[in-house]
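**Student:** Quick one, data_35.cif (mmCIF, C-alpha atoms):
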```cif
data_upload
loop_
_atom_site.label_atom_id
_atom_site.label_comp_id
_atom_site.auth_asym_id
_atom_site.auth_seq_id
_atom_site.Cartn_x
_atom_site.Cartn_y
_atom_site.Cartn_z
CA MET A 1 93.16 48.29 38.69
CA ILE A 2 92.51 48.47 42.39
CA PRO A 3 95.51 49.88 44.24
CA SER A 4 96.84 47.06 46.36
CA ARG A 5 96.79 47.72 50.09
CA LYS A 6 96.32 44.03 50.58
CA THR A 7 99.95 43.30 51.32
CA ARG A 8 100.40 42.07 54.86
CA PRO A 9 101.27 44.71 57.48
CA SER A 10 104.66 44.22 59.17
CA LEU A 11 103.50 45.40 62.59
CA ILE A 12 100.26 45.18 64.58
CA LEU A 13 99.50 47.91 67.08
CA PHE A 14 97.03 46.59 69.65
CA ASP A 15 94.62 48.54 71.75
CA VAL A 16 94.45 46.93 75.23
CA ASN A 17 91.26 47.66 77.26
CA GLU A 18 88.34 45.59 75.93
CA THR A 19 90.30 44.73 72.77
CA LEU A 20 92.61 42.28 74.58
CA SER A 21 91.13 42.32 78.10
CA ASP A 22 87.77 40.88 79.01
CA MET A 23 86.14 43.65 81.05
CA ARG A 24 83.08 41.67 82.14
CA PRO A 25 84.44 41.03 85.65
CA LEU A 26 84.11 44.79 86.22
CA ALA A 27 80.32 44.43 86.25
CA LEU A 28 80.56 41.89 89.09
CA SER A 29 83.02 44.15 90.86
CA PHE A 30 80.48 47.00 90.66
CA GLU A 31 77.90 44.73 92.32
CA ASP A 32 80.38 43.79 95.04
CA VAL A 33 80.72 47.42 96.11
CA GLY A 34 77.01 48.23 96.05
CA LEU A 35 76.54 49.57 92.52
CA ALA A 36 74.48 47.93 89.78
CA ALA A 37 76.35 45.65 87.38
CA HIS A 38 75.05 47.58 84.37
CA GLU A 39 76.62 50.82 85.62
CA SER A 40 80.05 49.67 84.51
CA GLU A 41 79.07 50.47 80.90
CA ALA A 42 78.01 54.06 81.67
CA TRP A 43 81.06 54.53 83.92
CA PHE A 44 83.51 53.46 81.21
CA ALA A 45 81.73 55.49 78.50
CA GLY A 46 81.62 58.55 80.80
CA LEU A 47 85.29 58.18 81.67
CA LEU A 48 86.23 58.16 77.96
CA ARG A 49 83.80 61.05 77.32
CA ASP A 50 85.56 63.17 79.93
CA ALA A 51 89.04 62.09 78.79
CA PHE A 52 88.23 62.95 75.16
CA ALA A 53 86.80 66.31 76.27
CA LEU A 54 90.16 67.03 77.94
CA THR A 55 91.97 65.70 74.87
CA SER A 56 90.02 68.08 72.63
CA VAL A 57 91.31 71.04 74.66
CA GLY A 58 94.92 69.85 74.50
CA GLU A 59 95.31 67.93 77.76
CA ASN A 60 96.79 64.46 78.15
CA PRO A 61 95.05 63.12 81.27
CA ASP A 62 96.00 60.10 83.38
CA PHE A 63 93.68 57.19 82.68
CA ALA A 64 93.73 55.65 86.15
CA GLU A 65 93.18 59.00 87.85
CA LEU A 66 90.09 59.73 85.76
CA ALA A 67 88.80 56.18 86.19
CA ALA A 68 89.10 56.34 89.99
CA GLU A 69 87.61 59.83 90.29
CA ALA A 70 84.61 58.98 88.08
CA LEU A 71 84.08 55.92 90.23
CA ARG A 72 84.39 57.90 93.47
CA LEU A 73 81.67 60.33 92.35
CA ARG A 74 79.40 57.45 91.34
CA LEU A 75 79.85 55.80 94.74
CA ARG A 76 79.58 58.94 96.81
CA THR A 77 75.80 59.04 97.27
CA ARG A 78 75.42 55.28 97.19
CA VAL A 79 77.65 53.89 99.91
CA PRO A 80 78.60 55.25 103.35
CA ASP A 81 81.38 57.88 103.22
CA GLN A 82 83.88 55.68 105.04
CA GLU A 83 83.46 52.92 102.45
CA VAL A 84 83.97 54.98 99.30
CA LEU A 85 87.75 54.81 99.03
CA ALA A 86 87.87 51.07 99.69
CA ALA A 87 85.16 50.55 97.07
CA VAL A 88 87.13 52.58 94.51
CA ASP A 89 90.26 50.57 95.29
CA SER A 90 88.36 47.30 94.98
CA VAL A 91 87.04 48.10 91.48
CA MET A 92 90.39 49.52 90.32
CA GLN A 93 92.13 46.37 91.55
CA THR A 94 89.71 44.29 89.50
CA PHE A 95 90.52 46.53 86.53
CA GLY A 96 94.21 45.86 87.07
CA ARG A 97 93.72 42.08 87.26
CA LEU A 98 91.59 41.38 84.20
CA GLU A 99 92.31 38.42 81.94
CA VAL A 100 92.57 38.32 78.17
CA HIS A 101 89.61 37.16 76.06
CA PRO A 102 89.71 33.41 75.26
CA ASP A 103 90.66 34.04 71.60
CA VAL A 104 93.68 36.22 72.42
CA VAL A 105 96.26 33.52 73.13
CA GLY A 106 95.55 31.66 69.89
CA GLY A 107 95.34 34.87 67.87
CA ILE A 108 98.60 36.30 69.20
CA ARG A 109 100.46 32.99 68.67
CA ALA A 110 99.18 32.80 65.09
CA LEU A 111 100.30 36.35 64.31
CA ARG A 112 103.70 35.78 65.89
CA SER A 113 104.30 32.52 64.05
CA ALA A 114 103.50 34.42 60.84
CA GLY A 115 106.38 36.74 61.67
CA LEU A 116 104.50 39.92 62.53
CA ARG A 117 105.83 42.42 65.03
CA LEU A 118 103.37 42.99 67.90
CA VAL A 119 103.14 46.17 70.01
CA THR A 120 100.46 47.51 72.35
CA LEU A 121 99.34 51.16 72.35
CA SER A 122 96.96 52.02 75.18
CA ASN A 123 95.33 55.15 76.55
CA GLY A 124 96.01 53.48 79.89
CA SER A 125 99.32 52.69 81.53
CA THR A 126 101.86 50.18 80.24
CA SER A 127 101.75 48.46 83.64
CA VAL A 128 98.15 47.34 83.06
CA ALA A 129 99.13 45.89 79.66
CA ASP A 130 102.22 44.29 81.20
CA GLY A 131 100.18 42.56 83.92
CA LEU A 132 97.47 41.43 81.50
CA LEU A 133 99.91 39.89 79.01
CA SER A 134 102.11 38.40 81.74
CA ARG A 135 99.14 36.58 83.30
CA ALA A 136 98.29 35.18 79.85
CA GLY A 137 101.89 34.09 79.18
CA LEU A 138 102.04 36.40 76.17
CA LEU A 139 104.45 39.10 77.30
CA ASP A 140 107.37 37.69 75.30
CA ASP A 141 105.32 37.80 72.11
CA PHE A 142 105.20 41.59 72.27
CA GLU A 143 108.12 43.72 71.14
CA GLN A 144 107.06 46.78 73.11
CA LEU A 145 104.23 48.06 75.33
CA LEU A 146 103.43 51.71 74.62
CA SER A 147 101.14 54.25 76.29
CA VAL A 148 99.86 57.64 75.19
CA ALA A 149 101.34 58.91 78.46
CA ASP A 150 104.55 59.10 76.38
CA ALA A 151 102.81 60.74 73.39
CA PRO A 152 101.49 64.28 72.90
CA ALA A 153 97.85 63.16 73.21
CA TRP A 154 95.41 60.30 73.70
CA LYS A 155 94.10 58.21 70.87
CA PRO A 156 92.22 59.02 68.61
CA VAL A 157 94.47 62.09 68.01
CA ALA A 158 96.88 61.33 65.13
CA ALA A 159 99.97 62.17 67.20
CA ALA A 160 99.21 59.23 69.50
CA TYR A 161 99.57 56.77 66.61
CA THR A 162 102.44 58.53 64.82
CA THR A 163 104.50 58.70 68.02
CA ALA A 164 104.11 54.92 68.33
CA LEU A 165 105.04 54.42 64.66
CA ASN A 166 108.17 56.55 65.11
CA THR A 167 109.15 54.55 68.18
CA CYS A 168 108.78 51.34 66.18
CA GLY A 169 110.39 52.75 63.04
CA VAL A 170 107.59 51.81 60.64
CA ALA A 171 105.56 53.80 58.13
CA ALA A 172 101.84 54.25 58.80
CA ASP A 173 100.78 51.99 55.94
CA GLU A 174 103.01 49.16 57.20
CA ALA A 175 101.17 49.11 60.53
CA MET A 176 97.67 47.95 61.42
CA LEU A 177 95.79 49.17 64.49
CA VAL A 178 93.64 46.41 65.92
CA ALA A 179 90.90 47.52 68.34
CA SER A 180 87.36 46.80 69.43
CA HIS A 181 86.54 50.52 69.77
CA PRO A 182 85.30 52.22 66.61
CA TRP A 183 86.69 55.62 67.73
CA ASP A 184 90.16 54.03 67.80
CA ILE A 185 89.75 52.57 64.30
CA ASP A 186 88.58 55.98 63.08
CA GLY A 187 91.57 57.82 64.55
CA ALA A 188 94.08 55.28 63.24
CA ALA A 189 92.55 55.42 59.75
CA ARG A 190 92.83 59.23 59.78
CA ALA A 191 96.50 58.91 60.79
CA GLY A 192 97.08 56.69 57.74
CA LEU A 193 97.31 53.32 59.49
CA ARG A 194 95.60 50.20 58.31
CA THR A 195 92.83 49.05 60.61
CA GLY A 196 91.30 45.84 61.94
CA TRP A 197 88.13 46.00 63.99
CA LEU A 198 87.28 43.25 66.47
CA ARG A 199 83.50 43.12 66.81
CA ARG A 200 83.53 41.34 70.18
CA GLY A 201 79.75 41.03 70.12
CA ALA A 202 79.01 44.59 69.01
CA ALA A 203 75.77 45.05 67.09
CA GLY A 204 77.53 46.95 64.30
CA TYR A 205 79.99 49.65 63.39
CA PRO A 206 78.80 53.29 63.59
CA SER A 207 78.33 54.97 60.20
CA TYR A 208 79.79 58.24 61.52
CA PHE A 209 83.32 56.80 61.88
CA ARG A 210 85.74 55.80 59.14
CA GLN A 211 85.17 52.16 58.38
CA PRO A 212 87.79 49.50 59.20
CA GLU A 213 89.84 47.87 56.42
CA ILE A 214 89.02 44.46 57.86
CA GLU A 215 86.74 43.24 60.61
CA ALA A 216 86.53 39.98 62.50
CA ALA A 217 84.51 38.46 65.33
CA ASP A 218 87.66 37.99 67.42
CA LEU A 219 91.46 37.89 67.26
CA GLU A 220 91.74 34.30 65.99
CA GLU A 221 89.52 35.17 63.01
CA LEU A 222 91.48 38.37 62.40
CA ALA A 223 94.81 36.52 62.54
CA ALA A 224 93.56 33.98 60.01
CA GLY A 225 92.52 36.83 57.72
CA ILE A 226 95.88 38.60 57.97
CA ARG A 227 97.98 35.47 57.43
CA MET B 1 93.53 92.50 97.78
CA ILE B 2 91.57 89.85 95.94
CA PRO B 3 91.10 90.77 92.28
CA SER B 4 87.38 91.33 91.84
CA ARG B 5 85.71 89.03 89.38
CA LYS B 6 82.59 89.32 91.44
CA THR B 7 80.96 91.92 89.25
CA ARG B 8 77.84 90.59 87.64
CA PRO B 9 78.19 89.13 84.13
CA SER B 10 76.22 90.92 81.42
CA LEU B 11 75.33 87.81 79.48
CA ILE B 12 74.53 84.21 80.38
CA LEU B 13 75.33 81.50 77.86
CA PHE B 14 73.19 78.44 78.60
CA ASP B 15 73.89 74.87 77.72
CA VAL B 16 70.60 73.19 76.73
CA ASN B 17 70.51 69.36 77.04
CA GLU B 18 70.16 68.33 80.71
CA THR B 19 71.03 71.87 81.84
CA LEU B 20 67.63 73.28 80.81
CA SER B 21 65.82 70.13 79.66
CA ASP B 22 64.73 67.32 81.95
CA MET B 23 65.99 64.20 80.17
CA ARG B 24 64.32 61.69 82.49
CA PRO B 25 61.48 60.93 80.02
CA LEU B 26 64.15 59.41 77.77
CA ALA B 27 64.52 56.50 80.20
CA LEU B 28 60.80 55.73 79.86
CA SER B 29 61.10 56.10 76.11
CA PHE B 30 63.90 53.50 76.14
CA GLU B 31 61.57 51.10 77.98
CA ASP B 32 58.79 51.76 75.49
CA VAL B 33 60.95 50.50 72.62
CA GLY B 34 62.26 47.40 74.40
CA LEU B 35 65.48 48.69 75.96
CA ALA B 36 66.19 49.03 79.67
CA ALA B 37 65.50 52.43 81.23
CA HIS B 38 69.02 52.60 82.64
CA GLU B 39 70.56 52.32 79.17
CA SER B 40 69.73 55.94 78.40
CA GLU B 41 72.66 56.99 80.60
CA ALA B 42 75.19 54.82 78.77
CA TRP B 43 73.71 55.82 75.40
CA PHE B 44 74.06 59.55 76.11
CA ALA B 45 77.57 59.16 77.56
CA GLY B 46 78.61 57.01 74.59
CA LEU B 47 77.20 59.51 72.12
CA LEU B 48 79.20 62.33 73.71
CA ARG B 49 82.28 60.06 73.90
CA ASP B 50 82.10 59.43 70.15
CA ALA B 51 81.33 63.08 69.35
CA PHE B 52 84.30 64.27 71.43
CA ALA B 53 86.52 61.67 69.74
CA LEU B 54 85.52 63.19 66.39
CA THR B 55 85.99 66.69 67.84
CA SER B 56 89.52 65.82 68.94
CA VAL B 57 90.42 64.94 65.33
CA GLY B 58 88.95 68.17 63.96
CA GLU B 59 85.45 67.11 62.93
CA ASN B 60 82.23 68.93 63.77
CA PRO B 61 79.62 66.15 63.78
CA ASP B 62 75.84 66.46 63.70
CA PHE B 63 74.36 65.77 67.13
CA ALA B 64 71.06 64.25 65.97
CA GLU B 65 72.81 62.01 63.43
CA LEU B 66 75.15 60.57 66.06
CA ALA B 67 72.33 60.21 68.56
CA ALA B 68 70.15 58.27 66.12
CA GLU B 69 72.97 56.05 64.85
CA ALA B 70 74.13 55.16 68.38
CA LEU B 71 70.53 54.29 69.21
CA ARG B 72 70.12 52.21 66.05
CA LEU B 73 73.15 50.09 66.93
CA ARG B 74 71.90 49.60 70.49
CA LEU B 75 68.50 48.47 69.20
CA ARG B 76 69.79 46.28 66.39
CA THR B 77 70.24 43.05 68.32
CA ARG B 78 67.40 43.73 70.71
CA VAL B 79 64.29 44.31 68.62
CA PRO B 80 63.15 42.77 65.30
CA ASP B 81 64.82 44.36 62.23
CA GLN B 82 61.59 45.87 60.94
CA GLU B 83 61.02 47.69 64.25
CA VAL B 84 64.44 49.35 64.59
CA LEU B 85 63.80 52.51 62.59
CA ALA B 86 60.44 53.17 64.24
CA ALA B 87 62.06 52.66 67.66
CA VAL B 88 64.85 55.12 66.83
CA ASP B 89 62.25 57.66 65.65
CA SER B 90 60.20 57.18 68.80
CA VAL B 91 63.13 57.91 71.14
CA MET B 92 64.37 60.82 69.02
CA GLN B 93 60.85 62.31 69.06
CA THR B 94 60.85 62.08 72.85
CA PHE B 95 64.23 63.82 72.81
CA GLY B 96 62.74 66.60 70.68
CA ARG B 97 59.75 67.06 73.00
CA LEU B 98 61.39 67.28 76.41
CA GLU B 99 60.27 69.87 78.94
CA VAL B 100 62.40 72.23 81.02
CA HIS B 101 63.25 71.39 84.64
CA PRO B 102 60.73 72.87 87.15
CA ASP B 103 63.25 75.51 88.32
CA VAL B 104 63.97 76.87 84.84
CA VAL B 105 60.97 79.19 84.42
CA GLY B 106 61.56 80.93 87.75
CA GLY B 107 65.31 81.09 87.22
CA ILE B 108 65.09 82.54 83.73
CA ARG B 109 62.49 85.13 84.79
CA ALA B 110 64.68 86.20 87.72
CA LEU B 111 67.75 86.61 85.50
CA ARG B 112 65.77 88.54 82.89
CA SER B 113 64.20 90.88 85.42
CA ALA B 114 67.73 91.57 86.68
CA GLY B 115 68.57 92.78 83.18
CA LEU B 116 70.88 90.00 82.02
CA ARG B 117 71.13 89.03 78.38
CA LEU B 118 70.30 85.33 77.88
CA VAL B 119 71.59 83.16 75.01
CA THR B 120 71.72 79.38 74.49
CA LEU B 121 74.78 77.58 73.10
CA SER B 122 74.19 73.89 72.39
CA ASN B 123 76.13 71.05 70.81
CA GLY B 124 72.70 70.12 69.43
CA SER B 125 70.54 72.00 66.97
CA THR B 126 68.89 75.35 67.63
CA SER B 127 65.53 73.80 66.69
CA VAL B 128 65.62 71.58 69.81
CA ALA B 129 66.32 74.63 71.99
CA ASP B 130 63.62 76.60 70.18
CA GLY B 131 61.00 73.90 70.80
CA LEU B 132 62.02 73.42 74.43
CA LEU B 133 61.87 77.13 75.29
CA SER B 134 58.69 77.69 73.27
CA ARG B 135 56.85 74.95 75.15
CA ALA B 136 57.94 76.57 78.42
CA GLY B 137 56.86 80.06 77.28
CA LEU B 138 60.45 81.28 77.62
CA LEU B 139 61.49 81.85 74.02
CA ASP B 140 61.05 85.63 74.21
CA ASP B 141 63.37 85.79 77.22
CA PHE B 142 66.29 84.65 75.05
CA GLU B 143 68.13 87.04 72.79
CA GLN B 144 69.57 84.32 70.56
CA LEU B 145 69.74 80.53 70.24
CA LEU B 146 73.16 79.38 69.06
CA SER B 147 74.56 76.01 68.02
CA VAL B 148 78.10 74.75 67.49
CA ALA B 149 76.91 73.75 64.02
CA ASP B 150 77.74 77.40 63.21
CA ALA B 151 81.09 77.29 65.04
CA PRO B 152 84.39 75.63 64.11
CA ALA B 153 83.96 72.89 66.72
CA TRP B 154 81.85 71.41 69.50
CA LYS B 155 82.10 72.52 73.06
CA PRO B 156 84.40 72.10 75.03
CA VAL B 157 86.79 73.43 72.32
CA ALA B 158 87.48 77.14 72.98
CA ALA B 159 86.38 78.18 69.47
CA ALA B 160 82.84 77.04 70.26
CA TYR B 161 82.56 79.59 73.09
CA THR B 162 84.51 82.39 71.43
CA THR B 163 82.39 82.16 68.28
CA ALA B 164 79.30 82.64 70.45
CA LEU B 165 80.93 85.56 72.29
CA ASN B 166 81.80 87.23 68.99
CA THR B 167 78.23 86.78 67.76
CA CYS B 168 76.95 88.44 70.94
CA GLY B 169 79.65 91.12 70.99
CA VAL B 170 80.81 90.49 74.56
CA ALA B 171 84.21 89.82 76.08
CA ALA B 172 84.82 86.41 77.65
CA ASP B 173 84.92 87.75 81.20
CA GLU B 174 81.56 89.51 80.76
CA ALA B 175 79.87 86.20 79.95
CA MET B 176 79.03 83.25 82.19
CA LEU B 177 78.50 79.74 80.85
CA VAL B 178 75.85 77.91 82.86
CA ALA B 179 75.77 74.13 82.46
CA SER B 180 75.16 70.92 84.34
CA HIS B 181 78.01 69.12 82.53
CA PRO B 182 81.43 69.51 84.12
CA TRP B 183 83.20 69.11 80.73
CA ASP B 184 81.32 72.20 79.54
CA ILE B 185 82.31 74.22 82.62
CA ASP B 186 85.93 73.13 82.10
CA GLY B 187 85.98 74.19 78.44
CA ALA B 188 84.33 77.54 79.13
CA ALA B 189 86.78 78.26 81.96
CA ARG B 190 89.71 77.50 79.64
CA ALA B 191 88.21 79.90 77.06
CA GLY B 192 88.19 82.64 79.72
CA LEU B 193 84.47 82.70 80.47
CA ARG B 194 83.00 82.80 83.92
CA THR B 195 81.21 79.61 84.90
CA GLY B 196 78.17 78.49 86.85
CA TRP B 197 77.62 74.79 87.47
CA LEU B 198 74.13 73.43 88.09
CA ARG B 199 74.48 70.29 90.22
CA ARG B 200 71.08 68.86 89.25
CA GLY B 201 71.51 66.01 91.71
CA ALA B 202 75.10 65.14 90.76
CA ALA B 203 77.17 63.59 93.54
CA GLY B 204 80.00 66.03 93.02
CA TYR B 205 82.26 67.81 90.57
CA PRO B 206 85.19 65.84 89.11
CA SER B 207 88.60 66.94 90.38
CA TYR B 208 90.14 66.52 86.92
CA PHE B 209 88.18 69.45 85.45
CA ARG B 210 88.61 73.16 86.15
CA GLN B 211 86.29 74.06 88.98
CA PRO B 212 83.27 76.34 88.45
CA GLU B 213 83.28 79.92 89.75
CA ILE B 214 79.88 79.33 91.33
CA GLU B 215 77.69 76.30 91.80
CA ALA B 216 74.04 75.89 92.66
CA ALA B 217 71.52 73.11 93.08
CA ASP B 218 69.37 74.51 90.29
CA LEU B 219 68.73 77.61 88.20
CA GLU B 220 66.62 79.46 90.78
CA GLU B 221 69.45 79.17 93.30
CA LEU B 222 71.98 80.25 90.70
CA ALA B 223 69.89 83.25 89.66
CA ALA B 224 69.59 84.34 93.31
CA GLY B 225 73.38 84.10 93.61
CA ILE B 226 74.04 86.17 90.49
CA ARG B 227 71.52 88.89 91.34
#
```
Mind turning the file's structure into C-alpha cells?
**Tutor:**
Amino acid sequence: MIPSRKTRPSLILFDVNETLSDMRPLALSFEDVGLAAHESEAWFAGLLRDAFALTSVGENPDFAELAAEALRLRLRTRVPDQEVLAAVDSVMQTFGRLEVHPDVVGGIRALRSAGLRLVTLSNGSTSVADGLLSRAGLLDDFEQLLSVADAPAWKPVAAAYTTALNTCGVAADEAMLVASHPWDIDGAARAGLRTGWLRRGAAGYPSYFRQPEIEAADLEELAAGIR
Amino acid sequence: MIPSRKTRPSLILFDVNETLSDMRPLALSFEDVGLAAHESEAWFAGLLRDAFALTSVGENPDFAELAAEALRLRLRTRVPDQEVLAAVDSVMQTFGRLEVHPDVVGGIRALRSAGLRLVTLSNGSTSVADGLLSRAGLLDDFEQLLSVADAPAWKPVAAAYTTALNTCGVAADEAMLVASHPWDIDGAARAGLRTGWLRRGAAGYPSYFRQPEIEAADLEELAAGIR
C-alpha cells in the first residue's frame, strides 16, 4: 500500500518573487536605464548566486541591498557616473511595483474558498510582498507575510522553512511550499514540507534537485489540483 | 604600529574557471548551438546559484553534471529534441578546451621564479585544470591540482579552503587565494587566508563581500605586487 501523503495540506507557504510577481517589467526597466533587457536574467541569477554564497558561510544578507549593489556594479561602466544612482533607484522602484501574474488572483481565491491558510515566505522583505498583494486586492486572503530576515537563514536552508512553520504552528507535512524556483522546492522538500512547483514557462525541472510532489503550469492549475 | 601581514605568502591557491581560463569562447559556442551569445553569462551564474543552494543545504554537487543539466534545460525549448544532447556535448567540450588568459603564462612564471608554491583549488574537476594548464605549458609549475570534490563542501565554505591547506601543509595566513570571483575572495578571507582579486574587467568589487587584501587587473600585475 502506498503511504498516503495525498491528504490536502492545511497551509500553503508561498514564495513571492517570480512565483507570485511577474518580473518581466524588469527587463524593460533595464532598457530604460541603458542596459540590455536580457541582462535582467543574469542580474537576478547573480544576485541569488552571491546571496547563497553568503548563506553557505552563515550570513543572512539583505535582499534589497544585494540587489541594488549588483545593479550598481553592472551600471558603473555603462552609464555616466552621475546617472548610476538614479538608474539603480529606477530599477529598484520597478522591482517594488511589480504586479502579480494573471493566474494569481483566481488561484488564491480558489485556495481560500477551499479553506486553506495562506502565508508568504520570501527571501526579500515583507514590504515588497505587502505592496504586491495589496495592489492585486489579495492582502486579506493572506494570514501572514513572512521574510527570512526574521529567520536564521535564507531559503533553501531548512531553518528558513521551519521558522515559518513554527510561527504558523503547523507541522512540516501539513504545509506545502509553492514556488517557481527549483532550489526553493528542493530546500522545502529537505525540510520535510510538501512541495508544489509552478512551471511558469520553464523548460523543465533540474534533475539535480529533489523533485516536487506536484507541478502545475500556473497557480490556477495548482489550486485545482489541491482542491 | 600596523600589524604586518605584508610578508609574502609561501603558497598561492588559484581558482581556475574565469580566474585562469578565458571563458569568452563559451559565448561563441552558445551561438553555434542556437542560443544567444549573451546567455552564457546567465547560464554560468545560474549554475553557481543552484550549486551554492545545494552547498547551503550540505550537498557537494558535481560541477560538470550541474553545468550540463542547466544547459540541457536551456536548450530544450530552443532546439529540436534530437539535437539537445549533441548541443550540450558541444558546449561542454568547449568548456573543457578553454585556454588561459594572455597574462597567465607571464604571471605564473614570475610567481614561480620568485619561489612561491602554486596550487589550484577548483569547484570543478582537476581534469579541467590539468587540461587547461597542460595546453598552456604550465602544468609543471603547479605543485598540485585540487578540487572540492575531495573536500567536504564547495568554495566558499571554509572547509573547502582548509582541506586544501591541510593537504599542502600550510597555515591559512601563509596562503593567498587568487580568484576573479568576489564570492571566492569572501570565503577565503573568512577562512583566514590572504586574498588577491583579479579584476579581469569587472566594474568593481561588491560591497557586501569581504574586501580583498590586494587587487590587480590581471595575474602579471598581481605577481609584480607579490614579488
**Student:** Residues at most 10 Å from segment 151-161 of chain A, counting all atoms listed in the file, excluding those fewer than 5 positions away in the same chain, as a VMD selection string?
**Tutor:** (chain A and resid 13 15 51 to 52 54 to 56 58 to 63 121 to 124 146 166 to 167 172 175 177 182 to 193) or (chain B and resid 52 to 58)
**Student:** Please check which residues have atoms at most 7 Å from (94.1, 48.0, 73.0) in the file's coordinates, counting all atoms listed in the file, and write them as JSON, numbers by chain.
**Tutor:** {"A": [14, 15, 16, 17, 18, 19, 20, 120, 121, 122, 179]}
**Student:** Quick one: write out the picked residues with C-alpha atoms as a compact mmCIF listing (two decimals), keeping the file's coordinate frame?
**Tutor:**
```
# COMPACT_ATOMS: atom_id res chain seq x y z
CA PHE A 14 97.03 46.59 69.65
CA ASP A 15 94.62 48.54 71.75
CA VAL A 16 94.45 46.93 75.23
CA ASN A 17 91.26 47.66 77.26
CA GLU A 18 88.34 45.59 75.93
CA THR A 19 90.30 44.73 72.77
CA LEU A 20 92.61 42.28 74.58
CA THR A 120 100.46 47.51 72.35
CA LEU A 121 99.34 51.16 72.35
CA SER A 122 96.96 52.02 75.18
CA ALA A 179 90.90 47.52 68.34
```
**Student:** What is the distance, in Å and to one decimal place, between atom CA of Leu132 of chain A and atom CA of Val104 of chain A?
**Tutor:**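 Taking atom CA of Leu132 of chain A and atom CA of Val104 of chain A, their separation equals 11.1 Å.
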**Student:** One decimal, Å: what's the distance from atom CA of Arg135 of chain B over to atom CA of Gly225 of chain B, could you say?
**Tutor:**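 Distance reported for this atom pair: 26.4 Å.
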**Student:** What are the centre and edge lengths in Å, to one decimal, of the axis-aligned box around all listed atoms of segment 7-16 of chain A with 3 Å added on each side, as lines of an AutoDock Vina configuration file?
**Tutor:**
```
center_x = 99.6
center_y = 45.3
center_z = 63.3
size_x = 16.2
size_y = 12.5
size_z = 29.9
```
**Student:** Between atom CA of Arg78 of chain A and atom CA of Ala45 of chain A, measure the distance and give it in Å to one decimal.
**Tutor:**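 We find that atom CA of Arg78 of chain A and atom CA of Ala45 of chain A lie 19.7 Å from each other.
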**Student:** Which residues fall under the PyMOL selection byres ((chain A and resi 65) around 12) in this file, as a list in words?
**Tutor:**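 The output of the PyMOL selection byres ((chain A and resi 65) around 12) on this file is Leu47, Asp50, Ala51, Asn60, Pro61, Asp62, Phe63, Ala64, Leu66, Ala67, Ala68, Glu69, Ala70, Leu71, Arg72, Val88, Asp89, Met92, Gly124 and Ser125 of chain A; Pro206, Ser207, Tyr208 and Phe209 of chain B.
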**Student:** Counting only C-alpha atoms, what is within 7 Å of Ala27 of chain A, bar same-chain residues fewer than 2 positions away, as a list in words?
**Tutor:**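 In the requested format, the answer is Arg24, Pro25, Ser29, Phe30, Glu31, Ala37, His38 and Ser40 of chain A.
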**Student:** List as a list in words the protein and nucleic acid residues near Thr126 of chain B, meaning an atom at most 7 Å away when all atoms listed in the file are counted, but skip any in the same chain fewer than 3 places from it.
**Tutor:**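 Listed by chain and then number, they are Ala129, Asp130, Leu145, Leu146 and Ser147 of chain B.
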**Student:** Nearest residue to Phe95 of chain A out of A:Asp22, A:Asp150, A:Glu39, A:Asp32, using only C-alpha atoms?
**Tutor:** A:Asp22
**Student:** Of the residues A:Leu118, A:Leu198, A:Leu98, A:Leu133, which is the one nearest to Ala164 of chain A, using only C-alpha atoms?
**Tutor:**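 Of A:Leu118, A:Leu198, A:Leu98, A:Leu133, the one nearest Ala164 of chain A, counting only C-alpha atoms, is A:Leu118.
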**Student:** Using all atoms listed in the file, which residue out of A:Ser134, A:Ser113, A:Thr195, A:Gln144 lies closest to Leu222 of chain A?
**Tutor:** A:Thr195
**Student:** Translate the PyMOL selection byres ((chain B and resi 141) around 12), as applied to the file shown, into an explicit residue set as a ChimeraX atom specification.
**Tutor:** /B:12,104-120,130,133-134,136-140,142-145
